[in-house]
>>> print(open('work38.cif').read())   # mmCIF, C-alpha atoms and all ligand atoms
data_input
loop_
_atom_site.label_atom_id
_atom_site.label_comp_id
_atom_site.auth_asym_id
_atom_site.auth_seq_id
_atom_site.Cartn_x
_atom_site.Cartn_y
_atom_site.Cartn_z
CA MET A 1 94.83 124.23 16.66
CA LEU A 2 98.24 124.06 18.35
CA ASN A 3 98.68 125.03 22.00
CA TYR A 4 101.06 127.98 22.37
CA MET A 5 103.25 127.84 25.48
CA CYS A 6 105.11 131.12 25.81
CA ALA A 7 107.93 132.21 28.13
CA ASN A 8 108.13 135.96 28.73
CA TRP A 9 111.45 136.58 30.48
CA LYS A 10 110.83 140.35 30.80
CA MET A 11 113.95 142.22 31.99
CA PHE A 12 115.68 139.15 33.39
CA LYS A 13 118.74 137.10 32.36
CA THR A 14 122.17 137.95 31.04
CA ARG A 15 123.33 136.08 27.95
CA GLN A 16 124.96 133.38 30.06
CA GLN A 17 121.83 132.85 32.15
CA ALA A 18 119.67 132.83 29.02
CA ALA A 19 121.93 130.23 27.40
CA GLN A 20 121.74 128.00 30.46
CA THR A 21 117.95 128.16 30.74
CA THR A 22 117.46 127.57 27.01
CA SER A 23 119.83 124.57 26.94
CA ASP A 24 118.11 123.09 30.00
CA LEU A 25 114.69 123.58 28.39
CA VAL A 26 115.77 121.90 25.19
CA THR A 27 117.11 118.98 27.24
CA TYR A 28 113.97 118.66 29.39
CA LEU A 29 111.57 118.90 26.46
CA ALA A 30 111.98 115.81 24.33
CA SER A 31 110.24 116.02 20.98
CA SER A 32 107.51 113.65 22.24
CA SER A 33 106.42 116.21 24.84
CA LEU A 34 106.05 118.83 22.13
CA ALA A 35 103.23 117.08 20.28
CA GLY A 36 100.65 119.69 19.34
CA VAL A 37 102.62 122.43 21.08
CA GLU A 38 104.57 125.47 19.93
CA VAL A 39 107.00 126.83 22.53
CA VAL A 40 107.85 130.51 22.11
CA ILE A 41 110.63 132.12 24.14
CA PHE A 42 110.67 135.91 24.60
CA PRO A 43 114.12 136.78 26.00
CA PRO A 44 115.35 140.34 26.50
CA PHE A 45 116.75 141.86 23.25
CA THR A 46 120.32 141.39 24.49
CA ALA A 47 119.88 137.60 24.65
CA LEU A 48 117.96 137.09 21.39
CA GLU A 49 121.00 135.98 19.43
CA THR A 50 122.17 133.64 22.20
CA VAL A 51 118.80 131.92 22.43
CA HIS A 52 118.44 131.87 18.64
CA GLN A 53 121.73 129.98 18.25
CA ILE A 54 120.74 127.35 20.80
CA LEU A 55 117.26 126.85 19.36
CA ASP A 56 118.80 126.62 15.89
CA SER A 57 115.54 125.93 14.03
CA ARG A 58 114.67 123.13 16.47
CA PRO A 59 111.15 121.91 15.64
CA GLY A 60 108.55 123.04 18.16
CA PHE A 61 110.51 126.09 19.37
CA CYS A 62 110.23 129.69 18.19
CA LEU A 63 111.82 132.95 19.22
CA GLY A 64 109.92 136.14 20.00
CA ALA A 65 110.62 139.73 20.99
CA GLN A 66 108.98 141.55 23.88
CA ASN A 67 108.52 144.78 21.97
CA VAL A 68 108.76 146.43 18.54
CA TYR A 69 108.48 149.96 17.17
CA PRO A 70 106.03 150.60 14.30
CA ALA A 71 108.49 152.02 11.76
CA ALA A 72 111.04 150.49 9.39
CA GLU A 73 113.89 152.67 10.66
CA GLY A 74 114.53 156.20 11.81
CA ALA A 75 115.42 158.49 14.68
CA TYR A 76 113.70 156.53 17.47
CA THR A 77 116.27 156.31 20.24
CA GLY A 78 116.06 153.09 22.20
CA GLU A 79 113.56 151.40 19.89
CA ILE A 80 113.81 148.33 17.65
CA SER A 81 112.35 147.59 14.21
CA PRO A 82 110.68 144.46 12.83
CA ALA A 83 113.58 143.89 10.40
CA MET A 84 116.09 143.96 13.27
CA LEU A 85 114.02 141.32 15.06
CA THR A 86 113.55 139.00 12.09
CA ASP A 87 117.30 139.37 11.45
CA HIS A 88 117.81 137.80 14.91
CA GLY A 89 115.47 134.90 14.14
CA CYS A 90 112.33 136.28 15.77
CA SER A 91 109.01 135.17 14.36
CA TYR A 92 106.80 136.51 17.18
CA VAL A 93 106.36 139.78 19.03
CA LEU A 94 104.29 140.84 22.04
CA ALA A 95 102.08 143.94 21.79
CA GLY A 96 100.00 145.60 24.48
CA HIS A 97 101.53 143.78 27.43
CA SER A 98 100.11 145.26 30.64
CA GLU A 99 103.55 146.36 31.84
CA ARG A 100 103.96 148.40 28.67
CA ARG A 101 100.43 149.79 28.92
CA HIS A 102 100.69 150.67 32.63
CA VAL A 103 104.40 151.21 33.40
CA LEU A 104 105.51 152.55 29.99
CA VAL A 105 102.17 154.29 29.41
CA GLU A 106 101.42 152.91 25.93
CA ASN A 107 97.87 153.63 24.80
CA ASN A 108 95.48 151.67 22.58
CA ASP A 109 96.37 153.72 19.47
CA PHE A 110 100.07 153.04 19.81
CA VAL A 111 99.40 149.33 20.44
CA ALA A 112 97.22 149.26 17.29
CA ARG A 113 100.06 150.78 15.20
CA LYS A 114 102.48 148.16 16.51
CA VAL A 115 100.10 145.28 15.76
CA ASP A 116 99.49 146.51 12.22
CA PHE A 117 103.14 147.23 11.41
CA ALA A 118 104.46 143.99 12.92
CA LEU A 119 101.91 141.93 10.96
CA GLN A 120 102.83 143.75 7.75
CA ASN A 121 106.45 142.87 8.41
CA ASN A 122 106.18 139.12 8.81
CA LEU A 123 105.96 138.89 12.57
CA LYS A 124 103.26 136.95 14.38
CA VAL A 125 101.70 139.11 17.06
CA ILE A 126 100.47 138.16 20.51
CA LEU A 127 98.13 141.00 21.42
CA CYS A 128 97.83 141.18 25.21
CA ILE A 129 94.65 142.51 26.78
CA GLY A 130 93.23 142.54 30.28
CA GLU A 131 91.46 144.57 32.94
CA THR A 132 92.84 146.14 36.12
CA LEU A 133 91.38 145.22 39.51
CA GLN A 134 89.60 148.56 39.63
CA GLU A 135 88.02 147.97 36.22
CA ARG A 136 86.89 144.49 37.30
CA LYS A 137 85.38 145.85 40.52
CA GLU A 138 83.48 148.44 38.49
CA ASN A 139 82.08 145.66 36.27
CA ARG A 140 83.94 147.00 33.25
CA LEU A 141 85.55 143.72 32.14
CA GLN A 142 83.55 143.51 28.94
CA SER A 143 83.98 147.16 27.92
CA VAL A 144 87.74 147.20 28.61
CA LEU A 145 88.33 144.03 26.60
CA ALA A 146 86.12 145.36 23.78
CA GLU A 147 88.02 148.64 23.65
CA GLN A 148 91.43 146.95 23.64
CA LEU A 149 90.42 144.43 20.98
CA GLN A 150 88.51 146.80 18.74
CA SER A 151 91.16 149.51 18.73
CA ALA A 152 93.86 147.02 17.75
CA LEU A 153 91.91 144.93 15.25
CA GLN A 154 89.18 146.98 13.62
CA ASP A 155 91.30 148.36 10.77
CA LEU A 156 93.20 145.17 9.99
CA GLN A 157 92.44 143.37 6.77
CA THR A 158 91.45 139.85 7.66
CA GLU A 159 93.87 138.22 5.20
CA LYS A 160 96.72 139.88 7.10
CA ILE A 161 95.92 138.14 10.33
CA GLN A 162 95.38 134.63 9.13
CA ASP A 163 97.74 132.36 11.14
CA LYS A 164 99.54 135.46 12.43
CA LEU A 165 97.46 136.85 15.27
CA LEU A 166 97.11 135.45 18.79
CA ILE A 167 95.40 137.05 21.79
CA ALA A 168 96.61 136.76 25.39
CA TYR A 169 94.04 137.49 28.07
CA GLU A 170 96.02 138.62 31.11
CA PRO A 171 94.09 140.17 33.99
CA VAL A 172 96.44 142.88 35.23
CA TRP A 173 95.76 142.02 38.88
CA ALA A 174 97.00 138.45 38.31
CA ILE A 175 100.31 139.32 36.65
CA GLY A 176 103.32 138.75 38.87
CA THR A 177 101.13 138.83 41.98
CA GLY A 178 100.73 135.12 42.69
CA GLU A 179 96.98 135.74 42.45
CA VAL A 180 95.49 133.42 39.83
CA ALA A 181 92.13 134.10 38.29
CA ARG A 182 89.52 131.48 39.15
CA VAL A 183 88.64 128.89 36.53
CA GLN A 184 85.20 130.46 36.05
CA ASP A 185 86.75 133.94 35.60
CA ILE A 186 89.14 132.65 32.94
CA ALA A 187 86.37 130.70 31.19
CA GLN A 188 84.12 133.77 31.18
CA ALA A 189 86.80 136.16 29.91
CA HIS A 190 87.94 133.77 27.15
CA GLN A 191 84.34 133.28 26.01
CA ILE A 192 83.89 137.08 25.90
CA VAL A 193 87.08 137.40 23.83
CA ARG A 194 85.99 134.62 21.45
CA ASP A 195 82.58 136.28 20.96
CA MET A 196 84.16 139.69 20.37
CA LEU A 197 86.58 138.23 17.84
CA GLN A 198 83.56 136.77 16.09
CA THR A 199 81.96 140.21 15.93
CA ILE A 200 85.11 141.98 14.73
CA LEU A 201 86.60 139.34 12.44
CA ALA A 202 83.67 137.06 11.57
CA ASP A 203 84.90 133.86 9.96
CA PHE A 204 88.49 134.13 11.14
CA ALA A 205 87.57 134.34 14.81
CA TRP A 206 87.61 130.64 15.61
CA GLN A 207 91.15 130.25 14.19
CA ILE A 208 92.69 132.74 16.60
CA PRO A 209 94.42 131.18 19.62
CA ILE A 210 93.52 132.78 22.96
CA LEU A 211 96.22 132.39 25.60
CA TYR A 212 95.88 132.96 29.33
CA GLY A 213 98.54 134.73 31.40
CA GLY A 214 98.86 135.73 35.03
CA SER A 215 100.71 133.79 37.75
CA VAL A 216 100.68 130.52 35.81
CA LYS A 217 102.69 127.85 37.66
CA PRO A 218 103.25 124.10 37.13
CA ASP A 219 100.58 123.26 39.70
CA ASN A 220 97.79 125.35 38.12
CA SER A 221 98.63 125.05 34.42
CA PRO A 222 96.85 121.67 33.78
CA GLU A 223 93.62 123.05 35.21
CA ILE A 224 93.88 126.25 33.16
CA MET A 225 94.72 124.39 29.94
CA ALA A 226 91.58 122.28 30.41
CA ILE A 227 89.29 125.35 30.19
CA ASP A 228 87.32 125.89 26.98
CA ASN A 229 88.86 128.46 24.63
CA VAL A 230 92.25 128.38 26.36
CA ASN A 231 94.76 127.65 23.59
CA GLY A 232 97.98 128.31 25.43
CA LEU A 233 99.71 130.20 28.21
CA LEU A 234 101.88 133.30 28.49
CA VAL A 235 104.12 132.73 31.48
CA GLY A 236 106.33 135.30 33.22
CA GLY A 237 107.92 134.42 36.58
CA ALA A 238 107.63 130.62 36.31
CA SER A 239 109.19 130.65 32.83
CA LEU A 240 112.53 131.86 34.22
CA ASN A 241 113.10 128.38 35.59
CA ALA A 242 113.59 125.67 32.94
CA ASP A 243 112.25 122.87 35.12
CA ALA A 244 109.07 124.77 36.05
CA PHE A 245 108.45 125.97 32.50
CA SER A 246 108.99 122.51 30.98
CA GLN A 247 106.34 121.14 33.36
CA ILE A 248 104.00 123.91 32.21
CA VAL A 249 104.73 123.03 28.56
CA HIS A 250 103.80 119.40 29.30
CA SER A 251 100.36 120.55 30.40
CA GLY A 252 99.77 121.81 26.85
CA SER A 253 101.09 118.72 25.11
CA LYS A 254 98.66 116.66 23.08
CA ALA A 255 100.89 113.55 23.29
P1 LIG A 301 103.52 136.19 35.50
O1 LIG A 301 103.58 137.13 34.21
O2 LIG A 301 103.41 134.76 35.01
O3 LIG A 301 104.79 136.44 36.25
O4 LIG A 301 102.30 136.58 36.27
C1 LIG A 301 102.76 136.91 33.11
C2 LIG A 301 103.01 137.93 32.03
O5 LIG A 301 103.36 139.07 32.36
O6 LIG A 301 102.89 137.65 30.83
#
>>> encode(input="work38.cif", output="structure tokens")
Amino acid sequence: MLNYMCANWKMFKTRQQAAQTTSDLVTYLASSSLAGVEVVIFPPFTALETVHQILDSRPGFCLGAQNVYPAAEGAYTGEISPAMLTDHGCSYVLAGHSERRHVLVENNDFVARKVDFALQNNLKVILCIGETLQERKENRLQSVLAEQLQSALQDLQTEKIQDKLLIAYEPVWAIGTGEVARVQDIAQAHQIVRDMLQTILADFAWQIPILYGGSVKPDNSPEIMAIDNVNGLLVGGASLNADAFSQIVHSGSKA
């Protein structure tokens, strides 16, 4: 399985800034450092075309969108369709990111519709799941992850998800806070996710990459990548800086 090293730029970077960071990344990441790695960049919508042109089908790099609406077209002010994203060179999309669940109040049903529609429309989906601090304190880790996974995956036909679905475990309390989950917490959560995937999807479970996200930095990424069942990273803050993100990508390289 490849390691997936993903840069989520959130609502940062104008086109010029996005172009600079992408060009720097391409320069820092020689093809040798990309052995066994897929780098996916999730710029804001306004910079998709800029980043797409610089990546220009470069091996090892892919483009993704931070959001998608589950309809082909229609009167959905402010939303974006899968076809609009693939038209800009996107092959990936995020669904269920904690900022969309908690700030934009998206619920499990809506996330499930996005996952299903994006997969049907030739996008690979990174389904983000994770517990809040309160849920962790109440010992609800397992039930929250089960609910988020089951609601999004239970109605999918398994042939639809082959090579197209990835999971990102991102404890909400570790996102953008500088607070990194301990190695044993990450190992435990990823094992829980792997076991649940096995229950929901049977034979396909082992093929699904499970990424970790939450305050990943160059100095902690090698340790996190060494944990069992960690098949990549979803990086926010540290991915805004090309030097820091290229160091993180190196920690996933199989060269
Ligand atoms: P962070 O964000 O690396 O800034 O914690 C991670 C994410 O939101 O995916």
>>> closest_residue(input="work38.cif", among="A:Leu94, A:Met1, A:Val183, A:Ala72", to="A:Pro44", atoms="all atoms listed in the file")
A:Leu94
>>> closest_atom_pairs(input="work38.cif", of="chain A", to="ligand LIG 301 (chain A)", cutoff="9 Å", atoms="all atoms listed in the file", output="JSON lines")
{"residue": "A:Cys6", "atom": "CA", "partner": "A:LIG301", "partner_atom": "O6", "distance": 8.5}
{"residue": "A:Ala7", "atom": "CA", "partner": "A:LIG301", "partner_atom": "O6", "distance": 7.9}
{"residue": "A:Asn8", "atom": "CA", "partner": "A:LIG301", "partner_atom": "O6", "distance": 5.9}
{"residue": "A:Trp9", "atom": "CA", "partner": "A:LIG301", "partner_atom": "O6", "distance": 8.6}
{"residue": "A:Lys10", "atom": "CA", "partner": "A:LIG301", "partner_atom": "O5", "distance": 7.7}
{"residue": "A:His97", "atom": "CA", "partner": "A:LIG301", "partner_atom": "O5", "distance": 7.1}
{"residue": "A:Ser98", "atom": "CA", "partner": "A:LIG301", "partner_atom": "O5", "distance": 7.2}
{"residue": "A:Glu99", "atom": "CA", "partner": "A:LIG301", "partner_atom": "O5", "distance": 7.3}
{"residue": "A:Cys128", "atom": "CA", "partner": "A:LIG301", "partner_atom": "O6", "distance": 8.3}
{"residue": "A:Ala168", "atom": "CA", "partner": "A:LIG301", "partner_atom": "O6", "distance": 8.4}
{"residue": "A:Glu170", "atom": "CA", "partner": "A:LIG301", "partner_atom": "O6", "distance": 6.9}
{"residue": "A:Val172", "atom": "CA", "partner": "A:LIG301", "partner_atom": "O5", "distance": 8.4}
{"residue": "A:Trp173", "atom": "CA", "partner": "A:LIG301", "partner_atom": "O4", "distance": 8.9}
{"residue": "A:Ala174", "atom": "CA", "partner": "A:LIG301", "partner_atom": "O4", "distance": 6.0}
{"residue": "A:Ile175", "atom": "CA", "partner": "A:LIG301", "partner_atom": "O4", "distance": 3.4}
{"residue": "A:Gly176", "atom": "CA", "partner": "A:LIG301", "partner_atom": "O4", "distance": 3.5}
{"residue": "A:Thr177", "atom": "CA", "partner": "A:LIG301", "partner_atom": "O4", "distance": 6.2}
{"residue": "A:Gly178", "atom": "CA", "partner": "A:LIG301", "partner_atom": "O4", "distance": 6.8}
{"residue": "A:Glu179", "atom": "CA", "partner": "A:LIG301", "partner_atom": "O4", "distance": 8.2}
{"residue": "A:Val180", "atom": "CA", "partner": "A:LIG301", "partner_atom": "O4", "distance": 8.3}
{"residue": "A:Tyr212", "atom": "CA", "partner": "A:LIG301", "partner_atom": "O6", "distance": 8.6}
{"residue": "A:Gly213", "atom": "CA", "partner": "A:LIG301", "partner_atom": "C1", "distance": 5.0}
{"residue": "A:Gly214", "atom": "CA", "partner": "A:LIG301", "partner_atom": "O4", "distance": 3.8}
{"residue": "A:Ser215", "atom": "CA", "partner": "A:LIG301", "partner_atom": "O4", "distance": 3.5}
{"residue": "A:Val216", "atom": "CA", "partner": "A:LIG301", "partner_atom": "O2", "distance": 5.1}
{"residue": "A:Lys217", "atom": "CA", "partner": "A:LIG301", "partner_atom": "O2", "distance": 7.4}
{"residue": "A:Leu233", "atom": "CA", "partner": "A:LIG301", "partner_atom": "O6", "distance": 8.5}
{"residue": "A:Leu234", "atom": "CA", "partner": "A:LIG301", "partner_atom": "O6", "distance": 5.0}
{"residue": "A:Val235", "atom": "CA", "partner": "A:LIG301", "partner_atom": "O2", "distance": 4.1}
{"residue": "A:Gly236", "atom": "CA", "partner": "A:LIG301", "partner_atom": "O1", "distance": 3.4}
{"residue": "A:Gly237", "atom": "CA", "partner": "A:LIG301", "partner_atom": "O3", "distance": 3.7}
{"residue": "A:Ala238", "atom": "CA", "partner": "A:LIG301", "partner_atom": "O2", "distance": 6.1}
{"residue": "A:Ser239", "atom": "CA", "partner": "A:LIG301", "partner_atom": "O2", "distance": 7.4}
>>> closest_residue(input="work38.cif", among="A:Ala47, A:Ile210, A:Asn107, A:Asp155", to="A:Lys13", atoms="only C-alpha atoms")
A:Ala47
>>> closest_residue(input="work38.cif", among="A:Ala181, A:Asp24, A:Phe117, A:Met5", to="A:Ala242", atoms="all atoms listed in the file")
A:Asp24
>>> residues_around(input="work38.cif", residues="stretch 193-197 of chain A", least_positions_apart="6", cutoff="8 Å", atoms="all atoms listed in the file", output="VMD selection string")
chain A and resid 145 to 146 149 205 to 206 210 229
>>> residues_around(input="work38.cif", residues="stretch 103-106 of chain A", least_positions_apart="6", cutoff="12 Å", atoms="all atoms listed in the file", output="JSON, numbers by chain")
{"A": [67, 69, 95, 96, 97, 112, 113, 114, 148, 172]}
>>> closest_residue(input="work38.cif", among="A:His52, A:Gly64, A:Ala152, A:Val37", to="A:Val111", atoms="only C-alpha atoms")
A:Ala152
>>> closest_residue(input="work38.cif", among="A:Gly36, A:Leu153, A:Phe12, A:Glu223", to="A:Thr199", atoms="only C-alpha atoms")
A:Leu153
>>> residues_around(input="work38.cif", residues="A:Leu25", least_positions_apart="5", cutoff="8 Å", atoms="all atoms listed in the file", output="PyMOL selection string")
chain A and resi 242-243+245-246
>>> atom_distance(input="work38.cif", atom1="atom CA of A:Lys124", atom2="atom CA of A:Tyr92")
4.5 Å
>>> closest_residue(input="work38.cif", among="A:Ile186, A:Gln150, A:Asn108, A:Leu127", to="A:Pro171", atoms="all atoms listed in the file")
A:Ile186
>>> atom_distance(input="work38.cif", atom1="atom CA of A:Ser151", atom2="atom CA of A:His88")
29.4 Å
>>> axis_aligned_box(input="work38.cif", around="stretch 156-172 of chain A", padding_each_side="8 Å", output="JSON")
{"center_x": 95.5, "center_y": 138.8, "center_z": 20.2, "size_x": 24.1, "size_y": 28.8, "size_z": 46.0}
>>> atom_distance(input="work38.cif", atom1="atom CA of A:Ser31", atom2="atom CA of A:Ala65")
23.7 Å
>>> decode(input="work38.cif", residues="stretch 203-226 of chain A", atoms="N, CA and C atoms", output="PDB file, in the first residue's frame")
ATOM      1  N   ASP A 203     -13.824  -8.241   3.316  1.00  0.00           N
ATOM      2  CA  ASP A 203     -12.555  -8.468   2.616  1.00  0.00           C
ATOM      3  C   ASP A 203     -11.841  -7.213   2.159  1.00  0.00           C
ATOM      4  N   PHE A 204     -12.572  -6.121   1.959  1.00  0.00           N
ATOM      5  CA  PHE A 204     -11.937  -4.918   1.434  1.00  0.00           C
ATOM      6  C   PHE A 204     -11.206  -4.112   2.519  1.00  0.00           C
ATOM      7  N   ALA A 205     -11.479  -4.467   3.773  1.00  0.00           N
ATOM      8  CA  ALA A 205     -11.015  -3.633   4.885  1.00  0.00           C
ATOM      9  C   ALA A 205      -9.507  -3.399   4.867  1.00  0.00           C
ATOM     10  N   TRP A 206      -8.748  -4.441   4.633  1.00  0.00           N
ATOM     11  CA  TRP A 206      -7.294  -4.306   4.751  1.00  0.00           C
ATOM     12  C   TRP A 206      -6.707  -3.420   3.660  1.00  0.00           C
ATOM     13  N   GLN A 207      -7.462  -3.195   2.561  1.00  0.00           N
ATOM     14  CA  GLN A 207      -6.934  -2.379   1.454  1.00  0.00           C
ATOM     15  C   GLN A 207      -7.134  -0.891   1.690  1.00  0.00           C
ATOM     16  N   ILE A 208      -7.870  -0.537   2.725  1.00  0.00           N
ATOM     17  CA  ILE A 208      -8.235   0.873   2.897  1.00  0.00           C
ATOM     18  C   ILE A 208      -7.185   1.598   3.733  1.00  0.00           C
ATOM     19  N   PRO A 209      -6.530   2.631   3.139  1.00  0.00           N
ATOM     20  CA  PRO A 209      -5.528   3.363   3.906  1.00  0.00           C
ATOM     21  C   PRO A 209      -6.185   4.122   5.057  1.00  0.00           C
ATOM     22  N   ILE A 210      -5.526   4.137   6.212  1.00  0.00           N
ATOM     23  CA  ILE A 210      -6.011   4.914   7.357  1.00  0.00           C
ATOM     24  C   ILE A 210      -4.942   5.966   7.682  1.00  0.00           C
ATOM     25  N   LEU A 211      -5.331   7.222   7.498  1.00  0.00           N
ATOM     26  CA  LEU A 211      -4.400   8.338   7.721  1.00  0.00           C
ATOM     27  C   LEU A 211      -4.620   8.890   9.126  1.00  0.00           C
ATOM     28  N   TYR A 212      -3.562   9.501   9.659  1.00  0.00           N
ATOM     29  CA  TYR A 212      -3.717  10.220  10.935  1.00  0.00           C
ATOM     30  C   TYR A 212      -3.643  11.712  10.668  1.00  0.00           C
ATOM     31  N   GLY A 213      -4.416  12.502  11.391  1.00  0.00           N
ATOM     32  CA  GLY A 213      -4.309  13.959  11.299  1.00  0.00           C
ATOM     33  C   GLY A 213      -4.529  14.599  12.654  1.00  0.00           C
ATOM     34  N   GLY A 214      -3.834  15.699  12.874  1.00  0.00           N
ATOM     35  CA  GLY A 214      -3.975  16.447  14.130  1.00  0.00           C
ATOM     36  C   GLY A 214      -2.616  16.889  14.619  1.00  0.00           C
ATOM     37  N   SER A 215      -2.267  18.162  14.309  1.00  0.00           N
ATOM     38  CA  SER A 215      -1.004  18.759  14.761  1.00  0.00           C
ATOM     39  C   SER A 215       0.235  17.947  14.357  1.00  0.00           C
ATOM     40  N   VAL A 216       0.199  17.393  13.148  1.00  0.00           N
ATOM     41  CA  VAL A 216       1.391  16.710  12.626  1.00  0.00           C
ATOM     42  C   VAL A 216       2.418  17.768  12.234  1.00  0.00           C
ATOM     43  N   LYS A 217       3.666  17.532  12.616  1.00  0.00           N
ATOM     44  CA  LYS A 217       4.769  18.460  12.332  1.00  0.00           C
ATOM     45  C   LYS A 217       5.967  17.619  11.861  1.00  0.00           C
ATOM     46  N   PRO A 218       6.991  18.275  11.290  1.00  0.00           N
ATOM     47  CA  PRO A 218       8.157  17.484  10.852  1.00  0.00           C
ATOM     48  C   PRO A 218       8.782  16.678  11.987  1.00  0.00           C
ATOM     49  N   ASP A 219       8.753  17.210  13.218  1.00  0.00           N
ATOM     50  CA  ASP A 219       9.454  16.473  14.282  1.00  0.00           C
ATOM     51  C   ASP A 219       8.644  15.299  14.852  1.00  0.00           C
ATOM     52  N   ASN A 220       7.327  15.247  14.616  1.00  0.00           N
ATOM     53  CA  ASN A 220       6.602  14.070  15.126  1.00  0.00           C
ATOM     54  C   ASN A 220       6.146  13.116  14.017  1.00  0.00           C
ATOM     55  N   SER A 221       6.283  13.534  12.755  1.00  0.00           N
ATOM     56  CA  SER A 221       5.745  12.679  11.687  1.00  0.00           C
ATOM     57  C   SER A 221       6.466  11.322  11.549  1.00  0.00           C
ATOM     58  N   PRO A 222       7.823  11.230  11.731  1.00  0.00           N
ATOM     59  CA  PRO A 222       8.434   9.897  11.592  1.00  0.00           C
ATOM     60  C   PRO A 222       7.892   8.904  12.622  1.00  0.00           C
ATOM     61  N   GLU A 223       7.709   9.396  13.840  1.00  0.00           N
ATOM     62  CA  GLU A 223       7.208   8.520  14.909  1.00  0.00           C
ATOM     63  C   GLU A 223       5.769   8.058  14.604  1.00  0.00           C
ATOM     64  N   ILE A 224       4.964   8.981  14.077  1.00  0.00           N
ATOM     65  CA  ILE A 224       3.565   8.620  13.784  1.00  0.00           C
ATOM     66  C   ILE A 224       3.507   7.645  12.598  1.00  0.00           C
ATOM     67  N   MET A 225       4.335   7.898  11.596  1.00  0.00           N
ATOM     68  CA  MET A 225       4.325   7.010  10.417  1.00  0.00           C
ATOM     69  C   MET A 225       4.793   5.595  10.757  1.00  0.00           C
ATOM     70  N   ALA A 226       5.516   5.463  11.882  1.00  0.00           N
ATOM     71  CA  ALA A 226       6.027   4.130  12.250  1.00  0.00           C
ATOM     72  C   ALA A 226       4.964   3.284  12.963  1.00  0.00           C
TER      73      ALA A 226
END
